[in-house]
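Enquirer: This is the structure I have questions about; it appears just below.
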2 protein chains.
Amino acid sequence: MSERDFGWSLHAQLATDTISIGDLPLSRVLVINDANYPWLLLVPRRPGVAEVLDLDEVEQAQLMTELTRVARALRAQTDCDKLNVAALGNVVPQLHVHVIARFRSDAAWPRPVWGLVPARPYEPAQLETFIAGLHRRIWLD
Amino acid sequence: MSERDFGWSLHAQLATDTISIGDLPLSRVLVINDANYPWLLLVPRRPGVAEVLDLDEVEQAQLMTELTRVARALRAQTDCDKLNVAALGNVVPQLHVHVIARFRSDAAWPRPVWGLVPARPYEPAQLETFIAGLHRRIWLD
């Protein structure tokens with residue numbers, strides 16, 4: 001955390017639904033606890049930010065850099081058929097960017113994942129393996 | 001169109017569903033012909049690109065610049081409650097980024113828009129006004 005993070009904290013709903021796997025310079029990287037899809041979130045650690053437009057231009061560029069880094073790692077780890085990337089925020093207002101690995105065989109394909117299938121929590125060993133691989137590929141500490 | 005666009009053409013499904021409002025340096029800007037939501041697409045004019053990861057780093061940065069420019073214009077024009085931004089591509093593989101103005105009163109709120117309500121084509125005069133305003137705000141030709 002740096003001084004520009006001052007006043008930021010993770011939204012309670014995101015904290016409930018996810019496991020943190022570490023911080024990039026701008027964003028916290030989270031895993032959604034839903035084994036239906038390998039599903040990450042990037043949350044810029046800036047208070048009061050709801051839209052990508054609320055970030056300044058340097059932060060927007062950094063978000064793109066972090067997004068591609070995380071997306072590349074997720075694709076390499078899962079060998080998925082498609083990536084889905086989205087910033088919606090209609091329910092949880094704190095800016096969070098979804099990065100989801102999709103498979104033609106997954107529970108929602110080809111539809112978007114939101115609201116279709118109840119979340120299925122990971123088995124602890126499965127989650128541990130997933131997070132360890134991402135840690136290494138994203139070059140988190 | 002520049003020489004780097006060589007070999008690119010708009011995917012037939014996107015051509016059917018949209019009206020082009022002009023080109024930014026990287027992306028074609030399209031309006032989805034669905035009056036349920038003010039809904040734009042950005043399509044980078046690069047052949048064979050399915051993921052943001054398939055663009056090079058300069059193009060990725062340019063996409064972010066164009067995305068924020070278009071999103072800012074759309075928000076200013078519609079006075080929406082929220083922007084939704086997404087690159088999904090499970091059905092149409094050509095990379096296209098959705099930029100959607102959402103209202104608490106709209107047909108899908110707070111859910112994502114995809115697949116919920118049949119598209120409702122614009123009245124010609126309504127579409128013309130919408131496009132003229134965007135043209136001006138995005139500084140298209």
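A note on labels: chains of the structure tokens are A, B, ... as shown, every chain counts residues from 1, and ligands are counted from 1 in their shown order.
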Kindly provide the residues of chain B that approach chain A to within 10 Å, each paired with its closest atom pair and their distance in Å to one decimal, based on only C-alpha atoms, listed by chain and increasing number, as a Markdown table.

Expert:
| residue | atom | partner | partner_atom | distance |
| --- | --- | --- | --- | --- |
| B:Ala50 | CA | A:Lys82 | CA | 8.5 |
| B:Glu51 | CA | A:Leu83 | CA | 7.1 |
| B:Val52 | CA | A:Thr68 | CA | 7.4 |
| B:Leu53 | CA | A:Thr68 | CA | 6.2 |
| B:Asp54 | CA | A:Thr68 | CA | 9.9 |
| B:Glu57 | CA | A:Thr65 | CA | 8.3 |
| B:Gln60 | CA | A:Met64 | CA | 7.2 |
| B:Ala61 | CA | A:Ala61 | CA | 6.3 |
| B:Gln62 | CA | A:Ala61 | CA | 9.2 |
| B:Leu63 | CA | A:Met64 | CA | 9.2 |
| B:Met64 | CA | A:Met64 | CA | 6.9 |
| B:Thr65 | CA | A:Ala61 | CA | 8.2 |
| B:Leu67 | CA | A:Leu53 | CA | 9.4 |
| B:Thr68 | CA | A:Leu53 | CA | 6.2 |
| B:Arg69 | CA | A:Leu53 | CA | 8.9 |
| B:Ala71 | CA | A:Leu53 | CA | 7.7 |
| B:Arg72 | CA | A:Leu53 | CA | 7.0 |
| B:Arg75 | CA | A:Leu53 | CA | 9.9 |
| B:Asp81 | CA | A:Asn90 | CA | 8.9 |
| B:Lys82 | CA | A:Asn90 | CA | 6.8 |
| B:Leu83 | CA | A:Leu88 | CA | 6.9 |
| B:Asn84 | CA | A:Leu88 | CA | 4.5 |
| B:Val85 | CA | A:Ala87 | CA | 5.2 |
| B:Ala86 | CA | A:Ala86 | CA | 4.0 |
| B:Ala87 | CA | A:Val85 | CA | 5.2 |
| B:Leu88 | CA | A:Asn84 | CA | 4.5 |
| B:Gly89 | CA | A:Asn84 | CA | 7.3 |
| B:Asn90 | CA | A:Pro110 | CA | 5.4 |
| B:Val91 | CA | A:Pro110 | CA | 6.4 |
| B:Pro93 | CA | A:Lys82 | CA | 9.1 |
| B:Val97 | CA | A:Ala86 | CA | 9.2 |
| B:His98 | CA | A:Ala86 | CA | 9.0 |
| B:Val99 | CA | A:Ala87 | CA | 9.8 |
| B:Ile100 | CA | A:Leu88 | CA | 9.3 |
| B:Arg102 | CA | A:Asn90 | CA | 8.3 |
| B:Phe103 | CA | A:Asn90 | CA | 9.3 |
| B:Arg104 | CA | A:Asn90 | CA | 8.7 |
| B:Trp109 | CA | A:Asn90 | CA | 7.5 |
| B:Pro110 | CA | A:Asn90 | CA | 5.4 |
| B:Arg111 | CA | A:Asn90 | CA | 7.2 |
| B:Pro112 | CA | A:Trp114 | CA | 7.4 |
| B:Val113 | CA | A:Pro112 | CA | 9.7 |
| B:Trp114 | CA | A:Pro112 | CA | 7.4 |
| B:Gly115 | CA | A:Arg111 | CA | 7.9 |

Enquirer: Excluding A:Trp39 and any residue of its chain fewer than 2 positions from it, enumerate the residues within 9 Å of it, using only C-alpha atoms, and give them as number ranges by chain.

Expert: A: 30-37, 41, 74, 98-102

Enquirer: Produce a file of the selected residues containing N, CA and C atoms, as a PDB file, in the first residue's frame.

Expert:
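Just written: selection_2.pdb:
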ATOM      1  N   LEU A  30      -7.767 -10.475  -7.060  1.00  0.00           N
ATOM      2  CA  LEU A  30      -8.642 -11.333  -6.259  1.00  0.00           C
ATOM      3  C   LEU A  30      -9.118 -12.512  -7.092  1.00  0.00           C
ATOM      4  N   VAL A  31      -9.333 -13.639  -6.437  1.00  0.00           N
ATOM      5  CA  VAL A  31      -9.964 -14.796  -7.072  1.00  0.00           C
ATOM      6  C   VAL A  31     -11.394 -14.887  -6.558  1.00  0.00           C
ATOM      7  N   ILE A  32     -12.364 -14.981  -7.459  1.00  0.00           N
ATOM      8  CA  ILE A  32     -13.747 -15.226  -7.036  1.00  0.00           C
ATOM      9  C   ILE A  32     -13.854 -16.687  -6.616  1.00  0.00           C
ATOM     10  N   ASN A  33     -14.451 -16.898  -5.472  1.00  0.00           N
ATOM     11  CA  ASN A  33     -14.541 -18.263  -4.933  1.00  0.00           C
ATOM     12  C   ASN A  33     -15.704 -19.012  -5.585  1.00  0.00           C
ATOM     13  N   ASP A  34     -15.500 -19.302  -6.876  1.00  0.00           N
ATOM     14  CA  ASP A  34     -16.515 -20.003  -7.671  1.00  0.00           C
ATOM     15  C   ASP A  34     -15.780 -20.906  -8.654  1.00  0.00           C
ATOM     16  N   ALA A  35     -15.808 -22.193  -8.338  1.00  0.00           N
ATOM     17  CA  ALA A  35     -15.049 -23.152  -9.155  1.00  0.00           C
ATOM     18  C   ALA A  35     -15.716 -23.428 -10.505  1.00  0.00           C
ATOM     19  N   ASN A  36     -16.874 -22.819 -10.783  1.00  0.00           N
ATOM     20  CA  ASN A  36     -17.474 -22.965 -12.109  1.00  0.00           C
ATOM     21  C   ASN A  36     -16.622 -22.351 -13.206  1.00  0.00           C
ATOM     22  N   TYR A  37     -15.893 -21.279 -12.854  1.00  0.00           N
ATOM     23  CA  TYR A  37     -15.076 -20.566 -13.839  1.00  0.00           C
ATOM     24  C   TYR A  37     -13.809 -20.059 -13.140  1.00  0.00           C
ATOM     25  N   LEU A  41     -10.566 -10.824 -10.294  1.00  0.00           N
ATOM     26  CA  LEU A  41     -10.942  -9.405 -10.296  1.00  0.00           C
ATOM     27  C   LEU A  41      -9.691  -8.570 -10.084  1.00  0.00           C
ATOM     28  N   LEU A  74      -3.726 -15.814 -16.649  1.00  0.00           N
ATOM     29  CA  LEU A  74      -4.909 -16.673 -16.484  1.00  0.00           C
ATOM     30  C   LEU A  74      -5.079 -17.584 -17.692  1.00  0.00           C
ATOM     31  N   HIS A  98     -13.547  -7.615 -14.075  1.00  0.00           N
ATOM     32  CA  HIS A  98     -13.601  -9.067 -14.142  1.00  0.00           C
ATOM     33  C   HIS A  98     -12.672  -9.575 -15.243  1.00  0.00           C
ATOM     34  N   VAL A  99     -11.925 -10.622 -14.963  1.00  0.00           N
ATOM     35  CA  VAL A  99     -11.136 -11.318 -15.982  1.00  0.00           C
ATOM     36  C   VAL A  99     -11.463 -12.802 -15.807  1.00  0.00           C
ATOM     37  N   ILE A 100     -12.165 -13.360 -16.779  1.00  0.00           N
ATOM     38  CA  ILE A 100     -12.757 -14.692 -16.614  1.00  0.00           C
ATOM     39  C   ILE A 100     -12.273 -15.601 -17.736  1.00  0.00           C
ATOM     40  N   ALA A 101     -11.815 -16.784 -17.357  1.00  0.00           N
ATOM     41  CA  ALA A 101     -11.412 -17.791 -18.349  1.00  0.00           C
ATOM     42  C   ALA A 101     -12.642 -18.612 -18.714  1.00  0.00           C
ATOM     43  N   ARG A 102     -12.979 -18.613 -19.996  1.00  0.00           N
ATOM     44  CA  ARG A 102     -14.179 -19.316 -20.449  1.00  0.00           C
ATOM     45  C   ARG A 102     -13.820 -20.544 -21.289  1.00  0.00           C
TER      46      ARG A 102
END

Enquirer: Extract, using only C-alpha atoms, all DNA, RNA and protein residues at most 10 Å from A:Leu10, discarding same-chain residues fewer than 3 positions from it, and format them as a PyMOL selection string.

Expert: chain A and resi 13-16+28+43-47+94

Enquirer: Mind writing the picked residues with N, CA and C atoms as a compact mmCIF listing (two decimals), in the first residue's frame?

Expert:
# COMPACT_ATOMS: atom_id res chain seq x y z
N GLN A 13 -18.70 -6.57 -0.04
CA GLN A 13 -19.22 -7.67 -0.85
C GLN A 13 -18.09 -8.37 -1.61
N LEU A 14 -17.15 -7.59 -2.12
CA LEU A 14 -16.00 -8.19 -2.81
C LEU A 14 -15.15 -8.99 -1.84
N ALA A 15 -15.00 -8.48 -0.63
CA ALA A 15 -14.22 -9.21 0.39
C ALA A 15 -14.88 -10.55 0.71
N THR A 16 -16.19 -10.58 0.73
CA THR A 16 -16.93 -11.82 1.04
C THR A 16 -16.79 -12.85 -0.08
N ARG A 28 -5.46 -4.47 -6.56
CA ARG A 28 -5.48 -5.73 -5.82
C ARG A 28 -6.02 -6.81 -6.76
N VAL A 43 -8.96 -4.78 -8.70
CA VAL A 43 -9.60 -3.64 -8.03
C VAL A 43 -8.56 -2.56 -7.79
N PRO A 44 -8.61 -1.46 -8.55
CA PRO A 44 -7.66 -0.37 -8.32
C PRO A 44 -7.82 0.18 -6.89
N ARG A 45 -6.70 0.32 -6.20
CA ARG A 45 -6.73 0.76 -4.80
C ARG A 45 -6.77 2.29 -4.75
N ARG A 46 -7.87 2.83 -5.21
CA ARG A 46 -8.08 4.28 -5.18
C ARG A 46 -9.46 4.52 -4.60
N PRO A 47 -9.57 5.37 -3.60
CA PRO A 47 -10.88 5.56 -2.96
C PRO A 47 -11.87 6.28 -3.88
N GLN A 94 -17.86 -0.10 -6.24
CA GLN A 94 -16.40 0.06 -6.30
C GLN A 94 -15.87 -0.54 -7.60

Enquirer: May I have all residues of stretch 19-73 of chain A that DSSP, computed from the backbone, assigns to helix (DSSP H, G or I), given as a list in words?

Expert: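 Of stretch 19-73 of chain A, only Val52, Leu53, Asp54, Glu57, Val58, Glu59, Gln60, Ala61, Gln62, Leu63, Met64, Thr65, Glu66, Leu67, Thr68, Arg69, Val70, Ala71, Arg72 and Ala73 of chain A fall in helix (DSSP H, G or I).
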
Enquirer: Any chance you could export the current selection's C-alpha atoms as a JSON list (two decimals), in the first residue's frame?

Expert:
[["chain", "number", "residue", "atom", "x", "y", "z"],
["A", 52, "VAL", "CA", -12.53, 3.64, -15.40],
["A", 53, "LEU", "CA", -13.14, 7.33, -16.22],
["A", 54, "ASP", "CA", -12.64, 8.21, -12.55],
["A", 57, "GLU", "CA", -4.79, 8.88, -17.49],
["A", 58, "VAL", "CA", -1.68, 7.38, -15.94],
["A", 59, "GLU", "CA", -3.82, 5.09, -13.79],
["A", 60, "GLN", "CA", -5.91, 4.10, -16.82],
["A", 61, "ALA", "CA", -2.77, 3.10, -18.70],
["A", 62, "GLN", "CA", -1.50, 1.19, -15.67],
["A", 63, "LEU", "CA", -4.85, -0.60, -15.37],
["A", 64, "MET", "CA", -4.53, -1.76, -18.99],
["A", 65, "THR", "CA", -1.01, -3.00, -18.29],
["A", 66, "GLU", "CA", -2.11, -4.90, -15.19],
["A", 67, "LEU", "CA", -5.17, -6.25, -16.97],
["A", 68, "THR", "CA", -3.16, -7.73, -19.82],
["A", 69, "ARG", "CA", -0.60, -9.15, -17.39],
["A", 70, "VAL", "CA", -3.32, -10.89, -15.37],
["A", 71, "ALA", "CA", -5.25, -12.01, -18.45],
["A", 72, "ARG", "CA", -2.12, -13.52, -20.01],
["A", 73, "ALA", "CA", -1.35, -15.39, -16.78]]

Enquirer: Based on the backbone DSSP call, show me all residues of chain B assigned strand (DSSP E), as an MDAnalysis selection string.

Expert: chainID B and resid 18:23 27:32 39:44 82:87 97:102

Enquirer: Atom CA of B:Arg136 and atom CA of B:Ala119, how far apart in Å?

Expert: 25.7 Å

Enquirer: Residues near stretch 128-131 of chain A, anyone? I mean within 7 Å using only C-alpha atoms, not counting same-chain ones fewer than 4 positions away, as an MDAnalysis selection string.

Expert: chainID A and resid 21 124 135

Enquirer: Just give me the gap between atom CA of A:Leu55 and atom CA of A:Ser27 in Å, one decimal is fine.

Expert: 11.9 Å

Enquirer: Rounded to one decimal in Å, what is the spacing between atom CA of A:Ile19 and atom CA of B:Ala108?

Expert: 29.0 Å

Enquirer: Nearest to B:Pro25 among B:Gly48, B:Pro121, B:Arg4, B:Gln77, with distances taken over only C-alpha atoms: which residue is it?

Expert: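 The shortest atom-to-atom distance to B:Pro25 comes from B:Arg4.
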